[in-house]
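Student: This is the content of query21.tsv (TSV, C-alpha atoms):
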```
chain	number	residue	atom	x	y	z
S	1	MET	CA	-19.77	-16.99	24.60
S	2	GLY	CA	-17.45	-18.33	21.94
S	3	ARG	CA	-14.48	-20.29	23.14
S	4	HIS	CA	-12.09	-17.75	21.62
S	5	ASP	CA	-13.61	-14.58	23.04
S	6	LEU	CA	-10.56	-13.33	24.92
S	7	THR	CA	-12.01	-10.03	26.06
S	8	LEU	CA	-14.57	-11.32	28.52
S	9	ALA	CA	-13.82	-11.94	32.18
S	10	LYS	CA	-15.62	-15.24	32.45
S	11	PRO	CA	-14.36	-18.71	33.29
S	12	ARG	CA	-13.11	-20.35	30.16
S	13	PRO	CA	-14.56	-23.56	28.78
S	14	GLN	CA	-12.74	-26.67	29.92
S	15	GLY	CA	-11.09	-27.30	26.55
S	16	PHE	CA	-9.24	-24.00	26.79
S	17	ILE	CA	-8.33	-24.30	30.47
S	18	ARG	CA	-6.39	-27.50	29.74
S	19	THR	CA	-3.89	-25.45	27.74
S	20	MET	CA	-3.33	-22.87	30.48
S	21	SER	CA	-0.48	-22.80	32.95
S	22	LYS	CA	-1.22	-23.99	36.48
S	23	THR	CA	0.19	-20.71	37.72
S	24	SER	CA	-2.14	-18.50	35.69
S	25	THR	CA	-4.06	-15.82	37.57
S	26	PRO	CA	-7.79	-16.39	37.99
S	27	ALA	CA	-9.79	-14.10	35.75
S	28	ALA	CA	-11.65	-12.54	38.69
S	29	ALA	CA	-8.38	-11.26	40.17
S	30	GLU	CA	-7.15	-9.54	37.01
S	31	PRO	CA	-7.56	-5.81	37.57
S	32	ARG	CA	-6.97	-4.68	34.01
S	33	ARG	CA	-9.54	-6.97	32.41
S	34	LYS	CA	-11.94	-5.15	30.13
S	35	ALA	CA	-15.62	-4.97	30.91
S	36	PRO	CA	-17.75	-7.44	28.99
S	37	GLY	CA	-18.43	-6.11	25.52
S	38	ALA	CA	-15.67	-3.51	25.67
S	39	SER	CA	-13.60	-3.07	22.57
S	40	HIS	CA	-10.06	-4.29	23.02
S	41	ALA	CA	-8.74	-1.55	20.73
S	42	ALA	CA	-9.95	0.96	23.32
S	43	PHE	CA	-6.92	0.33	25.53
S	44	LYS	CA	-4.44	3.10	26.20
S	45	HIS	CA	-0.87	2.26	27.02
S	46	VAL	CA	1.05	5.00	28.79
S	47	SER	CA	4.80	4.71	29.11
S	48	PRO	CA	7.62	7.13	29.82
S	49	PRO	CA	10.00	7.48	26.90
S	50	ALA	CA	12.90	5.09	26.45
S	51	ARG	CA	16.37	6.42	27.14
S	52	PHE	CA	18.03	7.62	23.98
S	53	VAL	CA	21.28	5.75	24.65
S	54	ASP	CA	19.43	2.52	25.45
S	55	VAL	CA	17.56	2.58	22.14
S	56	LEU	CA	20.75	3.22	20.18
S	57	LYS	CA	22.49	0.42	22.07
S	58	SER	CA	19.68	-2.04	21.36
S	59	HIS	CA	20.18	-1.36	17.64
S	60	GLY	CA	23.97	-1.63	17.79
S	61	HIS	CA	24.81	2.08	17.88
S	62	THR	CA	26.26	4.82	20.01
S	63	GLU	CA	25.38	8.48	19.60
S	64	LYS	CA	28.74	9.02	17.92
S	65	SER	CA	28.28	6.17	15.44
S	66	VAL	CA	24.76	7.15	14.44
S	67	ARG	CA	25.71	10.81	14.01
S	68	ALA	CA	28.60	9.70	11.78
S	69	LEU	CA	26.20	7.56	9.76
S	70	ARG	CA	23.79	10.46	9.41
S	71	ALA	CA	26.57	12.76	8.16
S	72	LYS	CA	27.63	10.14	5.63
S	73	LEU	CA	24.08	9.70	4.34
S	74	GLU	CA	23.61	13.45	4.06
S	75	GLN	CA	26.76	13.60	1.92
S	76	MET	CA	25.42	10.82	-0.30
S	77	LEU	CA	22.10	12.63	-0.69
S	78	LYS	CA	23.87	15.90	-1.57
S	79	ARG	CA	25.98	14.14	-4.20
S	80	GLU	CA	22.94	12.45	-5.71
S	81	HIS	CA	21.08	15.76	-5.70
S	82	ALA	CA	24.01	17.48	-7.43
S	83	VAL	CA	24.17	14.77	-10.11
S	84	ALA	CA	20.41	14.89	-10.65
S	85	GLY	CA	20.42	18.71	-10.71
A	86	MET	CA	25.46	-5.52	21.30
A	87	PRO	CA	22.74	-7.07	23.44
A	88	SER	CA	20.35	-9.45	21.78
A	89	PRO	CA	16.97	-7.82	21.06
A	90	ALA	CA	15.43	-11.09	22.19
A	91	GLU	CA	16.95	-10.88	25.66
A	92	PRO	CA	14.16	-11.54	28.18
A	93	SER	CA	13.48	-8.68	30.53
A	94	PRO	CA	10.62	-7.29	32.59
A	95	ALA	CA	8.23	-5.80	30.04
A	96	ALA	CA	7.21	-2.89	32.23
A	97	ALA	CA	10.78	-1.62	32.38
A	98	LYS	CA	11.12	-1.42	28.59
A	99	PRO	CA	9.18	0.95	26.34
A	100	ARG	CA	9.67	-1.56	23.56
A	101	VAL	CA	7.01	-2.30	20.98
A	102	PHE	CA	6.94	-5.61	19.13
A	103	LEU	CA	6.02	-5.13	15.46
A	104	ASN	CA	4.37	-7.96	13.59
A	105	VAL	CA	3.95	-6.65	10.04
A	106	PRO	CA	4.28	-7.92	6.45
A	107	TYR	CA	7.90	-8.07	5.30
A	108	ASP	CA	7.02	-6.78	1.90
A	109	ASP	CA	8.38	-3.80	-0.02
A	110	SER	CA	4.82	-2.59	-0.63
A	111	TYR	CA	4.52	-2.21	3.16
A	112	GLU	CA	7.64	-0.05	3.45
A	113	LYS	CA	5.91	3.33	3.75
A	114	LEU	CA	3.55	2.03	6.42
A	115	LEU	CA	6.43	0.53	8.40
A	116	VAL	CA	8.28	3.85	8.23
A	117	ALA	CA	5.11	5.67	9.37
A	118	ILE	CA	4.56	3.30	12.30
A	119	THR	CA	8.25	3.53	13.21
A	120	ALA	CA	8.15	7.35	13.13
A	121	ALA	CA	5.08	7.39	15.38
A	122	LEU	CA	6.68	5.01	17.87
A	123	ILE	CA	9.93	6.99	17.98
A	124	ALA	CA	8.01	10.25	18.49
A	125	LEU	CA	6.29	8.55	21.43
A	126	GLY	CA	9.66	7.58	22.89
A	127	ARG	CA	9.24	3.88	22.12
A	128	ASP	CA	11.75	1.39	20.80
A	129	PRO	CA	10.33	-0.64	17.87
A	130	GLN	CA	11.42	-4.26	17.55
A	131	LEU	CA	11.00	-6.55	14.56
A	132	THR	CA	11.37	-10.30	14.49
A	133	PHE	CA	13.98	-10.20	11.73
A	134	GLN	CA	16.23	-8.79	14.41
A	135	VAL	CA	15.95	-12.27	15.93
A	136	PRO	CA	18.59	-14.65	14.47
A	137	ASP	CA	17.01	-16.97	11.91
A	138	GLY	CA	16.95	-20.75	11.85
A	139	GLY	CA	17.15	-23.46	14.44
A	140	GLN	CA	14.67	-24.76	16.94
A	141	GLY	CA	15.39	-21.84	19.24
A	142	ARG	CA	13.87	-19.26	16.91
A	143	LEU	CA	10.34	-19.59	18.27
A	144	ARG	CA	11.66	-19.25	21.81
A	145	ARG	CA	13.61	-16.13	20.84
A	146	ILE	CA	10.55	-14.60	19.18
A	147	PHE	CA	8.47	-15.31	22.27
A	148	ASP	CA	11.17	-13.86	24.53
A	149	LEU	CA	11.24	-10.72	22.38
A	150	LEU	CA	7.44	-10.49	22.59
A	151	LYS	CA	7.56	-10.94	26.38
A	152	SER	CA	10.10	-8.12	26.65
A	153	CYS	CA	7.62	-5.74	25.00
A	154	PRO	CA	4.60	-4.49	26.98
A	155	VAL	CA	2.83	-3.69	23.70
A	156	SER	CA	2.70	-5.36	20.31
A	157	ILE	CA	1.28	-4.17	17.00
A	158	HIS	CA	-0.03	-6.71	14.49
A	159	ASP	CA	-0.94	-5.73	10.94
A	160	LEU	CA	-3.05	-8.49	9.42
A	161	SER	CA	-3.62	-6.77	6.10
A	162	ALA	CA	-1.48	-9.22	4.09
A	163	VAL	CA	-4.06	-11.89	3.33
A	164	GLY	CA	-3.13	-12.72	-0.26
A	165	LEU	CA	-1.23	-15.64	-1.77
A	166	PRO	CA	1.12	-17.19	-0.96
A	167	ALA	CA	-0.52	-17.56	2.44
A	168	ARG	CA	1.69	-16.31	5.24
A	169	PHE	CA	0.90	-17.64	8.67
A	170	ASN	CA	3.59	-15.94	10.74
A	171	MET	CA	1.53	-12.82	11.45
A	172	PRO	CA	-1.64	-14.49	12.77
A	173	PHE	CA	0.56	-16.98	14.61
A	174	GLU	CA	2.46	-14.19	16.40
A	175	LEU	CA	-0.82	-12.44	17.17
A	176	GLY	CA	-1.91	-15.70	18.79
A	177	LEU	CA	1.21	-15.63	20.93
A	178	ALA	CA	0.37	-12.06	21.99
A	179	CYS	CA	-3.22	-13.07	22.84
A	180	ALA	CA	-1.93	-15.92	24.98
A	181	LEU	CA	0.60	-13.65	26.66
A	182	ARG	CA	-2.11	-11.13	27.51
A	183	GLU	CA	-4.36	-13.85	28.87
A	184	GLN	CA	-1.62	-15.44	30.94
A	185	THR	CA	0.22	-12.41	32.31
A	186	ASN	CA	-2.19	-9.50	32.03
A	187	ALA	CA	0.98	-7.48	31.37
A	188	HIS	CA	0.74	-7.20	27.63
A	189	GLU	CA	-1.49	-5.23	25.27
A	190	PHE	CA	-1.79	-5.59	21.55
A	191	LEU	CA	-3.11	-3.45	18.73
A	192	VAL	CA	-4.45	-5.01	15.55
A	193	LEU	CA	-4.21	-3.09	12.28
A	194	GLU	CA	-6.06	-3.88	9.06
A	195	ARG	CA	-6.31	-2.26	5.66
A	196	LYS	CA	-10.01	-2.91	5.06
A	197	ARG	CA	-12.91	-2.55	7.45
A	198	HIS	CA	-14.79	-5.77	8.38
A	199	ARG	CA	-12.32	-8.02	6.50
A	200	LEU	CA	-10.89	-9.37	9.75
A	201	ASP	CA	-14.36	-10.68	10.68
A	202	ARG	CA	-13.95	-13.14	7.81
A	203	SER	CA	-10.20	-13.78	7.79
A	204	LEU	CA	-9.86	-14.26	11.57
A	205	SER	CA	-13.31	-14.59	13.07
A	206	ASP	CA	-11.83	-15.81	16.36
A	207	LEU	CA	-10.90	-12.17	17.00
A	208	LYS	CA	-14.50	-10.93	17.05
A	209	GLY	CA	-14.80	-8.40	19.85
A	210	ILE	CA	-11.32	-7.09	19.20
A	211	ASP	CA	-11.65	-4.09	16.92
A	212	PRO	CA	-8.76	-3.50	14.53
A	213	LYS	CA	-7.70	-0.01	13.60
A	214	ILE	CA	-8.17	0.52	9.87
A	215	HIS	CA	-5.36	2.33	8.06
A	216	GLY	CA	-6.56	1.83	4.49
A	217	GLY	CA	-2.95	1.67	3.33
A	218	SER	CA	-2.42	5.31	4.33
A	219	ALA	CA	0.65	6.39	6.28
A	220	ARG	CA	-1.32	9.24	7.92
A	221	SER	CA	-4.01	6.83	9.12
A	222	ALA	CA	-1.40	4.44	10.49
A	223	ILE	CA	0.18	7.31	12.43
A	224	SER	CA	-3.22	8.35	13.81
A	225	ALA	CA	-3.95	4.76	14.90
A	226	ILE	CA	-0.72	4.59	16.90
A	227	LEU	CA	-1.28	8.00	18.50
A	228	GLU	CA	-4.77	6.96	19.61
A	229	VAL	CA	-3.54	3.95	21.53
A	230	LEU	CA	-0.10	4.80	22.89
A	231	GLU	CA	0.60	7.76	25.14
A	232	ARG	CA	3.47	9.57	26.77
A	233	PRO	CA	2.87	10.85	30.32
A	234	SER	CA	3.96	14.31	29.14
A	235	GLY	CA	1.42	14.32	26.29
A	236	ASN	CA	1.60	13.07	22.74
A	237	PRO	CA	3.16	14.80	19.75
A	238	THR	CA	0.74	15.98	17.10
A	239	ALA	CA	0.11	13.94	13.97
A	240	GLN	CA	1.80	16.72	11.98
A	241	GLN	CA	4.95	16.46	14.13
A	242	VAL	CA	5.06	12.72	13.52
A	243	TRP	CA	4.48	13.34	9.82
A	244	ASP	CA	7.50	15.68	9.74
A	245	LEU	CA	9.62	12.91	11.25
A	246	TYR	CA	8.17	10.41	8.76
A	247	VAL	CA	9.13	12.69	5.85
A	248	ARG	CA	12.71	12.93	7.14
A	249	LEU	CA	12.98	9.14	7.45
A	250	ARG	CA	11.56	8.59	3.97
A	251	ARG	CA	14.06	11.08	2.55
A	252	ILE	CA	17.07	9.38	4.12
A	253	LEU	CA	15.98	5.77	3.49
A	254	PRO	CA	17.22	5.38	-0.12
A	255	ALA	CA	20.71	6.50	0.90
A	256	LEU	CA	20.61	4.15	3.88
A	257	LYS	CA	19.68	1.20	1.67
A	258	ASN	CA	22.48	2.14	-0.75
A	259	GLN	CA	24.90	2.29	2.15
A	260	HIS	CA	24.05	-1.32	3.01
A	261	GLY	CA	23.92	-2.47	-0.62
A	262	ARG	CA	20.29	-3.49	-0.10
A	263	ASP	CA	17.16	-2.57	-1.96
A	264	SER	CA	14.86	-3.29	0.95
A	265	LEU	CA	14.19	-1.92	4.42
A	266	PHE	CA	13.51	-5.46	5.64
A	267	GLY	CA	16.89	-6.40	7.04
A	268	SER	CA	18.04	-6.11	10.61
A	269	ARG	CA	20.92	-3.71	9.94
A	270	VAL	CA	18.92	-1.39	7.67
A	271	TYR	CA	15.97	-1.27	10.05
A	272	GLY	CA	18.13	-0.91	13.16
A	273	ASP	CA	19.95	2.00	11.54
A	274	LEU	CA	16.64	3.59	10.52
A	275	VAL	CA	15.39	3.46	14.12
A	276	SER	CA	18.66	4.94	15.41
A	277	LEU	CA	18.60	7.69	12.78
A	278	GLY	CA	14.95	8.30	13.61
A	279	TRP	CA	15.84	8.96	17.24
A	280	ILE	CA	18.51	11.46	16.15
A	281	GLU	CA	15.98	13.19	13.89
A	282	ALA	CA	13.37	13.17	16.66
A	283	LEU	CA	15.92	14.82	18.95
A	284	SER	CA	16.54	17.55	16.42
A	285	LEU	CA	12.78	18.10	16.09
A	286	GLY	CA	12.44	18.34	19.88
A	287	LEU	CA	10.17	15.28	20.05
A	288	VAL	CA	12.39	13.28	22.44
A	289	ASP	CA	15.07	14.09	24.99
A	290	ALA	CA	18.67	12.90	24.98
```
Please rewrite the model in this file as structure tokens.

Tutor:
Amino acid sequence: MGRHDLTLAKPRPQGFIRTMSKTSTPAAAEPRRKAPGASHAAFKHVSPPARFVDVLKSHGHTEKSVRALRAKLEQMLKREHAVAG
Amino acid sequence: MPSPAEPSPAAAKPRVFLNVPYDDSYEKLLVAITAALIALGRDPQLTFQVPDGGQGRLRRIFDLLKSCPVSIHDLSAVGLPARFNMPFELGLACALREQTNAHEFLVLERKRHRLDRSLSDLKGIDPKIHGGSARSAISAILEVLERPSGNPTAQQVWDLYVRLRRILPALKNQHGRDSLFGSRVYGDLVSLGWIEALSLGLVDA
């Protein structure tokens, strides 16, 4: 096994272990570890949707502010369309 | 406004860390990936939303990564000048997955088998190949991420993508920028995307 093969649930070579935290979980106790040879891209991540207001807040918006921005952009697009037309 | 890099339990946040080329030629793919994530009810996060400069930047990037249960890394920019940020951040994600078992990452590439040469350490981790196509990038995201209530169709995501592409030039004008790759422009695009997704019935208020 190559020292960088991160998908296999085997003890790592000593050179890699030296860089690991003392609090790291032993590989044998990790329930979500892939089977040897499994493709990592095969994972599925299921998550309930984020809350609308939380997403807006994390990007510096409220519903009111983003709706105002949308209205402004629509006006700009209409003006540009009228000029082009 | 809370800092996007604020540490928090990853499981509580449907955030997705995006590690992609900051290049105008990548704009359509970033919009496609963003549309897919929004349609899945996720909150995309980019590192340029992390304040630049100073020794604390790496810590803030790592905190942002830790706050996201999933990260997406597109390693298709392999030309010159060499850019090491993307493979470096993928390395952080690998380490996080190894250490916490609470993080998953998806690797994207433009060309099949190229990653075997450019980053052979990743053998055994299959990238999804988008070939530079927005539709393929959307499909890759929909294959890996799921909503408990079921995923939107690729066509529904495409409809959202088309709306975002239509509004983007006006958004860039509004900010006096000619690029999507700025924290205000991108943050506004995500917020507008959620409003559009609401109107398409893809997400709930």

Student: Mind giving me the straight-line distance from CA of Tyr107 in chain A to CA of Val53 in chain S in Å, one decimal?

Tutor: 27.3 Å

Student: Measure the distance from CA of Phe169 in chain A to CA of His188 in chain A in Å and round it to one decimal.

Tutor: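 Computing it gives 21.6 Å between the two atoms.
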
Student: Within 9 Å of Trp243 in chain A, counting only C-alpha atoms, which residues qualify if same-chain residues fewer than 5 places away don't, as a ChimeraX atom specification?

Tutor: /A:117,120-121,219-220,223,238,248

Student: Using all atoms listed in the file, which protein or nucleic acid residues come within 6 Å of range 58-62 of chain S? Drop anything in the same chain fewer than 2 positions from it, and give the result as a list in words.

Tutor: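 So, after excluding close chain neighbours, the residues are Val55, Leu56, Lys64 and Ser65 of chain S; Met86 and Gly272 of chain A.
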
Student: What are the residues of chain A that have an atom within 8 Å of an atom of chain S, counting all atoms listed in the file, as a ChimeraX atom specification?

Tutor: /A:86-89,98-100,125-128,155,179,183-186,189,191-192,206-213,228-233,252,255-256,259,272-273,275-277,279-280,288-290

Student: For CA of Phe173 in chain A and CA of Leu274 in chain A, quote the distance in Å rounded to one decimal.

Tutor: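 Going from CA of Phe173 in chain A over to CA of Leu274 in chain A covers 26.4 Å.
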
Student: Do a neighbour search on Leu193 in chain A at 8 Å with all atoms listed in the file, toss out local chain neighbours closer than 4 positions, and write the hits as a list in words.

Tutor: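 With the cut-off at 8 Å, the set is Ile157, His158, Asp159, Leu160, Ser161, Pro212, Lys213, Ile214 and His215 of chain A.
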
Student: Using all atoms listed in the file, which of the listed residues (A:Leu122, A:Leu245, A:Ile146, A:Leu227) sits closest to Glu281 in chain A?

Tutor: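 Distance minimum relative to Glu281 in chain A lands on A:Leu245.
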